[in-house]
file entry-v4.txt (compact mmCIF, C-alpha atoms)
# COMPACT_ATOMS: atom_id res chain seq x y z
CA MET A 192 113.59 83.36 73.68
CA LEU A 193 113.81 81.60 77.02
CA THR A 194 116.06 78.89 75.57
CA ILE A 195 119.07 81.09 76.27
CA PHE A 196 118.67 80.15 79.91
CA THR A 197 118.82 76.46 79.01
CA GLU A 198 121.98 77.14 77.01
CA LEU A 199 123.45 79.16 79.86
CA ALA A 200 122.77 76.31 82.27
CA ASP A 201 124.22 73.80 79.77
CA ARG A 202 127.43 75.80 79.54
CA ILE A 203 127.89 76.30 83.27
CA THR A 204 126.85 72.84 84.40
CA PHE A 205 128.45 70.65 81.78
CA SER A 206 131.37 72.68 80.43
CA LEU A 207 132.40 74.82 83.39
CA PHE A 208 131.64 72.39 86.24
CA GLY A 209 132.22 69.33 84.08
CA LEU A 210 129.18 67.46 85.42
CA ALA A 211 127.75 64.61 83.37
CA PRO A 212 124.42 65.53 81.70
CA HIS A 213 122.62 62.43 82.93
CA SER A 214 123.98 62.28 86.43
CA LYS A 215 121.73 63.13 89.37
CA LEU A 216 123.87 66.03 90.49
CA GLY A 217 124.19 67.31 86.92
CA GLY A 218 120.42 67.30 86.53
CA ALA A 219 119.87 69.12 89.80
CA VAL A 220 122.53 71.77 89.19
CA HIS A 221 121.27 72.34 85.67
CA PHE A 222 117.70 72.81 86.95
CA PHE A 223 118.89 75.21 89.64
CA ILE A 224 120.92 77.43 87.32
CA GLU A 225 118.35 77.50 84.54
CA ASP A 226 115.45 78.32 86.85
CA THR A 227 117.11 80.93 89.04
CA ALA A 228 118.48 82.79 86.02
CA LYS A 229 115.17 82.63 84.19
CA ILE A 230 113.07 83.59 87.20
CA PHE A 231 115.17 86.59 88.21
CA PHE A 232 115.27 87.82 84.64
CA LEU A 233 111.51 87.54 84.23
CA LEU A 234 110.82 89.08 87.62
CA VAL A 235 112.91 92.15 87.02
CA VAL A 236 111.49 92.82 83.58
CA MET A 237 107.87 92.02 84.36
CA ILE A 238 107.51 93.58 87.79
CA TYR A 239 108.90 96.80 86.40
CA PHE A 240 106.61 96.96 83.38
CA ILE A 241 103.51 95.85 85.22
CA ALA A 242 104.18 98.39 87.96
CA LEU A 243 104.48 101.14 85.33
CA ILE A 244 100.95 100.35 84.22
CA ARG A 245 99.62 99.79 87.71
CA ALA A 246 101.02 102.98 89.20
CA SER A 247 97.65 104.70 89.13
CA LEU A 248 95.67 101.92 90.82
CA ASN A 249 95.35 102.27 94.56
CA ILE A 250 93.49 100.42 97.24
CA GLU A 251 91.12 103.32 97.89
CA LYS A 252 89.86 103.07 94.34
CA VAL A 253 89.27 99.36 94.80
CA ARG A 254 87.25 100.01 97.92
CA ASP A 255 85.16 102.71 96.31
CA TYR A 256 84.46 100.39 93.44
CA LEU A 257 83.46 97.45 95.62
CA ALA A 258 81.29 99.45 98.01
CA GLY A 259 77.66 99.29 97.02
CA LYS A 260 78.14 96.70 94.30
CA ASN A 261 75.65 93.90 93.86
CA ARG A 262 76.79 91.01 96.07
CA PHE A 263 77.50 88.47 93.37
CA ILE A 264 79.38 90.87 91.20
CA GLY A 265 81.10 91.85 94.45
CA TYR A 266 82.58 88.40 95.11
CA PHE A 267 83.75 88.12 91.56
CA MET A 268 85.27 91.61 91.44
CA GLY A 269 86.74 91.21 94.93
CA SER A 270 88.56 88.16 93.69
CA ILE A 271 89.73 89.90 90.49
CA PHE A 272 91.04 92.87 92.45
CA GLY A 273 92.71 90.45 94.86
CA ALA A 274 94.56 89.00 91.89
CA ILE A 275 95.74 92.27 90.37
CA THR A 276 96.39 94.37 93.45
CA PRO A 277 99.88 94.13 94.88
CA PHE A 278 99.66 92.97 98.36
CA CYS A 279 101.85 92.39 101.34
CA SER A 280 100.50 90.39 104.24
CA CYS A 281 101.46 93.22 106.59
CA SER A 282 98.70 95.35 105.11
CA SER A 283 95.97 92.73 105.35
CA ILE A 284 94.63 94.16 108.62
CA PRO A 285 94.31 97.79 107.52
CA VAL A 286 92.76 96.65 104.24
CA PHE A 287 90.32 94.39 106.03
CA LEU A 288 89.26 97.19 108.38
CA GLY A 289 89.17 99.77 105.63
CA PHE A 290 86.82 97.61 103.57
CA THR A 291 84.70 96.63 106.57
CA SER A 292 84.30 100.17 107.85
CA GLY A 293 83.33 101.16 104.31
CA GLY A 294 80.36 98.80 104.58
CA ILE A 295 81.70 96.10 102.27
CA PRO A 296 80.40 92.68 103.41
CA VAL A 297 82.94 90.40 105.08
CA GLY A 298 82.53 87.80 102.33
CA ILE A 299 83.55 90.22 99.58
CA THR A 300 86.50 91.42 101.62
CA MET A 301 87.57 87.82 102.16
CA SER A 302 87.21 87.04 98.45
CA PHE A 303 89.79 89.77 98.01
CA LEU A 304 92.07 88.62 100.83
CA LEU A 305 91.95 84.91 99.97
CA THR A 306 92.68 85.40 96.28
CA SER A 307 95.42 87.93 96.85
CA PRO A 308 98.26 85.66 98.05
CA LEU A 309 97.34 82.93 95.55
CA ILE A 310 97.31 84.92 92.35
CA ASN A 311 99.48 87.81 91.37
CA GLU A 312 101.30 88.86 88.25
CA VAL A 313 104.54 87.27 89.38
CA ALA A 314 102.90 83.91 90.04
CA VAL A 315 101.07 83.90 86.72
CA LEU A 316 104.20 84.78 84.86
CA LEU A 317 106.28 82.10 86.49
CA LEU A 318 103.59 79.51 85.86
CA LEU A 319 103.39 80.49 82.20
CA SER A 320 107.10 80.17 81.70
CA LEU A 321 107.69 77.07 83.82
CA VAL A 322 104.62 74.86 83.44
CA GLY A 323 102.73 76.12 80.39
CA TRP A 324 99.47 77.92 79.80
CA GLU A 325 97.05 75.05 80.50
CA ILE A 326 98.15 74.64 84.09
CA THR A 327 98.38 78.41 84.50
CA LEU A 328 94.77 78.74 83.42
CA ILE A 329 93.66 75.97 85.80
CA TYR A 330 95.63 77.58 88.64
CA VAL A 331 94.07 81.01 88.08
CA LEU A 332 90.54 79.61 87.77
CA VAL A 333 90.93 77.49 90.89
CA GLY A 334 92.44 80.37 92.88
CA MET A 335 89.64 82.73 91.94
CA GLY A 336 87.07 80.01 92.46
CA VAL A 337 88.26 79.37 96.00
CA GLY A 338 88.18 83.11 96.75
CA ILE A 339 84.68 83.59 95.33
CA MET A 340 83.13 80.50 96.92
CA GLY A 341 84.86 81.19 100.22
CA GLY A 342 83.45 84.71 100.30
CA LEU A 343 79.98 83.53 99.40
CA PHE A 344 80.05 80.91 102.14
CA LEU A 345 81.24 83.37 104.79
CA ASP A 346 78.37 85.71 104.04
CA LEU A 347 75.89 82.80 104.10
CA ILE A 348 76.92 81.99 107.67
CA HIS A 349 76.92 85.70 108.58
CA ALA A 350 80.59 85.76 109.41
CA GLU A 351 80.39 89.40 110.51
CA ARG A 352 78.91 88.17 113.82
CA LEU A 353 82.26 86.55 114.50
CA LEU A 354 84.40 89.65 114.09
CA GLN A 355 86.05 91.36 117.03
CA SER A 356 83.51 93.74 118.50
CA PHE A 357 85.18 96.98 117.36
CA ALA A 358 85.29 95.69 113.77
CA LEU A 359 81.65 94.62 113.91
CA LYS A 360 80.70 98.04 115.23
CA ALA A 361 82.62 99.72 112.43
CA TYR A 362 80.80 97.55 109.89
CA GLN A 363 77.36 98.26 111.32
CA SER A 364 77.89 101.98 111.58
CA ALA A 365 79.40 102.22 108.11
CA LYS A 366 78.05 104.93 105.93
CA PRO A 367 78.35 104.49 102.23
CA THR A 368 81.71 106.17 101.75
CA VAL A 369 81.49 109.32 99.82
CA SER A 370 84.82 108.98 98.23
CA LYS A 371 87.09 111.68 99.46
CA ASP A 372 88.99 112.96 96.54
CA THR A 373 90.73 109.78 95.42
CA ARG A 374 91.55 111.10 92.02
CA ARG A 375 95.22 111.54 91.72
CA PRO A 376 96.69 113.98 89.30
CA THR A 377 97.76 112.09 86.20
CA LEU A 378 101.17 110.65 86.70
CA SER A 379 104.11 111.70 84.65
CA PHE A 380 106.41 109.07 83.25
CA ARG A 381 109.05 109.96 85.81
CA GLU A 382 106.63 109.35 88.67
CA ARG A 383 105.59 106.06 87.15
CA HIS A 384 109.21 105.05 86.74
CA GLN A 385 109.88 105.99 90.37
CA PHE A 386 106.94 103.90 91.53
CA ALA A 387 107.95 100.93 89.38
CA LYS A 388 111.52 101.08 90.63
CA GLN A 389 110.36 101.06 94.25
CA GLU A 390 107.97 98.19 93.59
CA LEU A 391 110.70 96.19 91.92
CA LEU A 392 113.13 96.66 94.82
CA ASP A 393 110.42 96.00 97.36
CA ILE A 394 109.15 92.79 95.76
CA LEU A 395 112.64 91.47 95.00
CA SER A 396 113.80 92.10 98.56
CA ARG A 397 110.83 90.09 99.81
CA VAL A 398 110.93 87.16 97.41
CA TRP A 399 114.58 86.51 96.54
CA LYS A 400 115.15 84.04 99.35
CA TRP A 401 111.97 82.13 98.48
CA ILE A 402 113.20 81.75 94.93
CA PHE A 403 116.46 80.19 96.07
CA ILE A 404 114.70 77.89 98.53
CA GLY A 405 111.97 76.96 96.04
CA VAL A 406 114.31 76.37 93.13
CA GLY A 407 116.69 74.49 95.42
CA LEU A 408 113.91 72.12 96.49
CA GLY A 409 112.71 71.80 92.92
CA ALA A 410 116.24 70.98 91.79
CA ALA A 411 116.71 68.36 94.50
CA LEU A 412 113.43 66.73 93.54
CA HIS A 413 114.36 66.92 89.89
CA GLY A 414 117.75 65.32 90.34
CA PHE A 415 117.31 62.85 93.15
CA VAL A 416 113.71 61.63 93.37
CA PRO A 417 112.96 59.00 90.73
CA VAL A 418 109.75 59.26 88.70
CA SER A 419 108.84 55.69 89.53
CA TRP A 420 108.84 56.44 93.25
CA ILE A 421 106.34 59.28 92.90
CA GLU A 422 104.11 57.29 90.58
CA ALA A 423 104.10 54.27 92.82
CA ASN A 424 103.56 56.10 96.09
CA LEU A 425 101.66 59.26 95.29
CA GLY A 426 100.01 58.46 91.95
CA SER A 427 96.44 59.25 91.05
CA GLY A 428 95.02 56.00 92.41
CA ARG A 429 95.77 57.07 95.96
CA TRP A 430 92.92 59.22 97.13
CA TRP A 431 94.58 60.02 100.44
CA SER A 432 97.55 61.65 98.74
CA VAL A 433 95.50 64.82 98.14
CA PRO A 434 94.54 65.55 101.78
CA LEU A 435 98.04 64.52 102.78
CA ALA A 436 99.49 67.05 100.33
CA VAL A 437 97.23 69.75 101.77
CA LEU A 438 98.27 68.94 105.35
CA LEU A 439 101.93 68.93 104.36
CA GLY A 440 101.50 72.37 102.87
CA ILE A 441 100.36 73.97 106.14
CA PRO A 442 103.64 74.03 108.06
CA LEU A 443 105.54 74.78 104.86
CA TYR A 444 105.22 78.47 104.55
CA SER A 445 106.16 80.08 101.32
CA ASN A 446 104.79 82.50 98.82
CA ALA A 447 103.76 81.69 95.28
CA THR A 448 107.15 82.62 93.86
CA GLY A 449 108.96 80.00 95.89
CA VAL A 450 106.49 77.20 95.42
CA ILE A 451 106.11 77.33 91.65
CA PRO A 452 109.57 75.86 90.86
CA VAL A 453 108.71 72.99 93.20
CA MET A 454 105.45 72.59 91.35
CA GLU A 455 107.28 72.46 88.02
CA SER A 456 109.46 69.68 89.29
CA LEU A 457 106.59 67.69 90.85
CA ILE A 458 104.53 67.81 87.68
CA ALA A 459 107.48 66.76 85.57
CA LYS A 460 107.95 63.82 87.92
CA GLY A 461 104.41 62.66 87.26
CA LEU A 462 102.66 63.83 90.41
CA PRO A 463 98.99 64.23 89.41
CA ILE A 464 97.99 67.83 88.71
CA GLY A 465 95.27 67.91 91.37
CA THR A 466 97.62 66.72 94.09
CA THR A 467 100.27 69.22 92.99
CA LEU A 468 97.89 72.17 92.98
CA ALA A 469 96.41 71.19 96.33
CA PHE A 470 99.88 71.09 97.84
CA CYS A 471 100.99 74.40 96.34
CA MET A 472 97.88 76.34 97.24
CA SER A 473 97.95 75.05 100.77
CA THR A 474 101.58 76.14 101.09
CA VAL A 475 100.80 79.63 99.84
CA ALA A 476 97.42 80.38 101.39
CA ALA A 477 97.10 78.33 104.55
CA SER A 478 99.91 79.63 106.66
CA PHE A 479 99.78 80.15 110.39
CA PRO A 480 101.73 83.42 110.61
CA GLU A 481 99.23 85.16 108.37
CA PHE A 482 96.22 83.68 110.09
CA ILE A 483 97.47 84.80 113.46
CA LEU A 484 97.55 88.36 112.10
CA LEU A 485 93.85 88.15 111.32
CA LYS A 486 93.17 87.35 114.97
CA GLN A 487 93.33 91.09 115.61
CA VAL A 488 90.04 91.56 113.80
CA MET A 489 88.36 88.15 114.05
CA THR A 490 87.40 85.71 116.77
CA TRP A 491 89.07 82.30 116.96
CA ARG A 492 85.89 80.67 115.76
CA LEU A 493 85.87 82.56 112.50
CA LEU A 494 89.59 81.92 111.98
CA VAL A 495 89.09 78.19 112.42
CA ILE A 496 86.14 78.25 110.02
CA ILE A 497 88.16 80.04 107.34
CA PHE A 498 91.14 77.75 107.82
CA ALA A 499 88.98 74.62 107.58
CA LEU A 500 87.22 76.08 104.57
CA LEU A 501 90.52 76.55 102.76
CA LEU A 502 91.76 73.05 103.55
CA ALA A 503 88.47 71.50 102.48
CA SER A 504 88.33 73.42 99.21
CA PHE A 505 91.94 72.61 98.27
CA THR A 506 91.23 68.93 98.91
CA VAL A 507 88.06 68.95 96.83
CA VAL A 508 89.81 70.82 94.04
CA GLY A 509 92.66 68.30 94.12
CA TRP A 510 90.34 65.32 93.90
CA THR A 511 88.27 66.90 91.16
CA LEU A 512 91.25 67.76 88.99
CA ASN A 513 92.76 64.33 89.45
CA ALA A 514 89.46 62.73 88.44
CA ILE A 515 89.03 64.91 85.35
CA HIS A 516 92.60 64.46 84.30
CA PHE A 517 92.83 60.72 84.58
CA ASN A 518 89.45 59.38 83.50
CA MET B 208 106.83 120.27 119.43
CA LYS B 209 105.41 118.31 116.54
CA GLU B 210 103.63 115.09 117.32
CA ILE B 211 104.27 112.57 114.55
CA LYS B 212 102.61 109.18 114.46
CA VAL B 213 103.71 106.44 112.12
CA LEU B 214 100.81 104.06 111.56
CA GLY B 215 101.46 100.44 110.69
CA SER B 216 101.38 97.02 112.23
CA GLY B 217 105.02 96.17 112.53
CA CYS B 218 106.09 95.98 108.90
CA SER B 219 109.73 96.72 108.18
CA LYS B 220 108.87 99.78 106.12
CA CYS B 221 107.05 101.30 109.10
CA ILE B 222 110.12 101.02 111.30
CA LYS B 223 112.24 102.52 108.53
CA THR B 224 109.78 105.38 108.12
CA ALA B 225 109.88 106.26 111.81
CA GLU B 226 113.66 106.14 111.87
CA PHE B 227 113.93 108.21 108.72
CA ILE B 228 111.72 110.97 110.13
CA LYS B 229 113.71 110.99 113.35
CA SER B 230 116.99 111.25 111.49
CA VAL B 231 115.80 114.11 109.27
CA ALA B 232 114.54 115.97 112.34
CA ALA B 233 117.81 115.38 114.18
CA GLU B 234 119.83 116.69 111.23
CA ARG B 235 117.92 119.94 111.31
CA ASN B 236 117.73 120.17 115.07
CA ILE B 237 113.97 120.16 115.13
CA PRO B 238 112.42 118.67 118.25
CA VAL B 239 109.83 116.05 117.36
CA ASN B 240 108.05 113.27 119.14
CA VAL B 241 107.80 110.28 116.81
CA VAL B 242 105.64 107.39 117.99
CA LYS B 243 104.69 104.17 116.25
CA GLU B 244 101.03 103.32 116.35
CA THR B 245 100.23 99.65 115.78
CA SER B 246 96.68 99.30 117.06
CA PRO B 247 94.39 98.28 114.18
CA GLU B 248 91.56 100.23 115.72
CA VAL B 249 93.52 103.47 115.71
CA ILE B 250 94.80 102.88 112.19
CA MET B 251 91.22 102.34 111.07
CA SER B 252 90.10 105.55 112.72
CA TYR B 253 92.37 107.51 110.37
CA GLY B 254 90.88 105.65 107.39
CA VAL B 255 94.26 104.31 106.38
CA MET B 256 94.43 101.16 104.25
CA SER B 257 98.01 101.10 103.12
CA THR B 258 100.81 101.38 105.60
CA PRO B 259 103.16 102.93 106.55
CA ALA B 260 101.11 106.08 107.00
CA VAL B 261 102.18 109.30 108.69
CA VAL B 262 100.03 111.54 110.87
CA VAL B 263 101.42 114.95 111.80
CA ASP B 264 99.68 116.82 114.63
CA ASP B 265 96.64 114.59 114.09
CA ILE B 266 96.35 115.21 110.37
CA LEU B 267 96.96 112.35 107.95
CA MET B 268 99.73 113.45 105.59
CA HIS B 269 100.87 110.36 103.79
CA SER B 270 100.17 106.67 103.30
CA GLY B 271 101.42 103.62 101.47
CA SER B 272 105.17 104.04 101.31
CA ILE B 273 108.28 105.37 102.96
CA PRO B 274 107.95 109.13 102.39
CA ASP B 275 110.71 110.89 100.51
CA ARG B 276 112.99 113.47 102.08
CA LYS B 277 111.22 116.47 100.55
CA LYS B 278 107.91 115.44 102.06
CA VAL B 279 109.39 114.82 105.49
CA GLU B 280 111.11 118.19 105.44
CA SER B 281 107.88 119.94 104.54
CA TRP B 282 106.16 118.41 107.58
CA LEU B 283 108.90 119.57 109.91
CA LYS B 284 108.68 123.21 108.90
call {"tool": "encode", "arguments": {"input": "entry-v4.txt", "output": "structure tokens"}}
result
Amino acid sequence: MLTIFTELADRITFSLFGLAPHSKLGGAVHFFIEDTAKIFFLLVVMIYFIALIRASLNIEKVRDYLAGKNRFIGYFMGSIFGAITPFCSCSSIPVFLGFTSGGIPVGITMSFLLTSPLINEVAVLLLLSLVGWEITLIYVLVGMGVGIMGGLFLDLIHAERLLQSFALKAYQSAKPTVSKDTRRPTLSFRERHQFAKQELLDILSRVWKWIFIGVGLGAALHGFVPVSWIEANLGSGRWWSVPLAVLLGIPLYSNATGVIPVMESLIAKGLPIGTTLAFCMSTVAASFPEFILLKQVMTWRLLVIIFALLLASFTVVGWTLNAIHFN
Amino acid sequence: MKEIKVLGSGCSKCIKTAEFIKSVAAERNIPVNVVKETSPEVIMSYGVMSTPAVVVDDILMHSGSIPDRKKVESWLK
């Protein structure tokens, strides 16, 4: 079904613009048109339908579910909820405090917060349509793995000691929340439609510019960077390319939607899968603006620990995947 | 005069919510005092996890989205 976007791009690039199919510019323009058209189409359709289903899930329910769960189930479920709950970085602080004051351990909360930017329905969908199910599966497993292990580690070092004092106090004085009536009346279709429409507009207004930037970069890579250059300079034999990719990802700040087209292009150019994933996850999850937000509830020491933890795990994941893939 | 607090740490929807409430109140000539509350500690004290949230005369009325006109009007009565 998605071949219509290839045909559309063929028409516009080669017939309308008259670019040669094998020229660099032709390749780049074709990539750009095909991917932007495909991505916007998929986003509109999928965000709407997923939001229809998700209309009755709210963050209070997630908290009630996570409170008082066995720790190990907690990390796992925290990560799952992180993946399926819509999330905007501007609500990370209230969510963090809401969970903490509900007595949920910091590690479980962080499993939720670390997984959330990495995996969401939009990212999974784009991965499926642009790079295939194998890489999608690896991406999801790695993203959840980083969230779960990160949470586990933070509880092992008793990260709650490193919260800002008011947050620590709220955690210690937490009573098991007796859920105030979180049941909502069952939603009518009209209410669901209203919710889905708002979600769609909200998400599109946040991500559209990332799509253009991401696809633009992907297209430039696709058209102008030769495969041989990537293989020779960043191929799997070069162990340092993984940490380098992670470091490069830090100042580049994007969300998953923008980085996936770049990923598509990098993989097609022969960049090893581990290096590619390390780069993409670092771009999405390790970004300064979002970390600075967390300063309101954490001490610098804890922030540095979490940041270092992310960088280390992306590097290890990159090396591991490269090793599995190429031996 | 009604005291209305909009809770939220600086997201664009929070600013829109505060402005929307002000404009509805102005239309109907109802005096209100709308303030934006960004302190995480205060937001936590109302038990709010999704912003923007609206507190009218110290009672939490709404959270998680820009409220619709009907809701805002009902608070101003």
call {"tool": "interface_residues", "arguments": {"input": "entry-v4.txt", "of": "chain A", "to": "chain B", "cutoff": "7 Å", "atoms": "all atoms listed in the file", "output": "PyMOL selection string"}}
result
chain A and resi 281-282+284-286+288-289
call {"tool": "atom_distance", "arguments": {"input": "entry-v4.txt", "atom1": "CA of Ser281 (chain B)", "atom2": "CA of Ile228 (chain B)"}}
result
11.2 Å
call {"tool": "residues_around", "arguments": {"input": "entry-v4.txt", "residues": "Gly426 (chain A)", "least_positions_apart": "5", "cutoff": "8 Å", "atoms": "all atoms listed in the file", "output": "PyMOL selection string"}}
result
chain A and resi 421+432+461-463
call {"tool": "write_last_selection", "arguments": {"input": "entry-v4.txt", "atoms": "C-alpha atoms", "output": "PDB file, in the frame of the given file"}}
result
ATOM      1  CA  ILE A 421     106.340  59.280  92.900  1.00  0.00           C
ATOM      2  CA  SER A 432      97.550  61.650  98.740  1.00  0.00           C
ATOM      3  CA  GLY A 461     104.410  62.660  87.260  1.00  0.00           C
ATOM      4  CA  LEU A 462     102.660  63.830  90.410  1.00  0.00           C
ATOM      5  CA  PRO A 463      98.990  64.230  89.410  1.00  0.00           C
TER       6      PRO A 463
END
call {"tool": "atom_distance", "arguments": {"input": "entry-v4.txt", "atom1": "CA of Met237 (chain A)", "atom2": "CA of Ile404 (chain A)"}}
result
21.1 Å
call {"tool": "atom_distance", "arguments": {"input": "entry-v4.txt", "atom1": "CA of Ser445 (chain A)", "atom2": "CA of Trp401 (chain A)"}}
result
6.8 Å
call {"tool": "residues_around", "arguments": {"input": "entry-v4.txt", "residues": "Thr300 (chain A)", "least_positions_apart": "5", "cutoff": "8 Å", "atoms": "all atoms listed in the file", "output": "ChimeraX atom specification"}}
result
/A:269,287,290-291,295,342
call {"tool": "axis_aligned_box", "arguments": {"input": "entry-v4.txt", "around": "region 240-251 of chain B", "padding_each_side": "6 Å", "output": "AutoDock Vina command-line options"}}
result
--center_x 99.6 --center_y 105.8 --center_z 115.1 --size_x 28.8 --size_y 27.0 --size_z 20.1
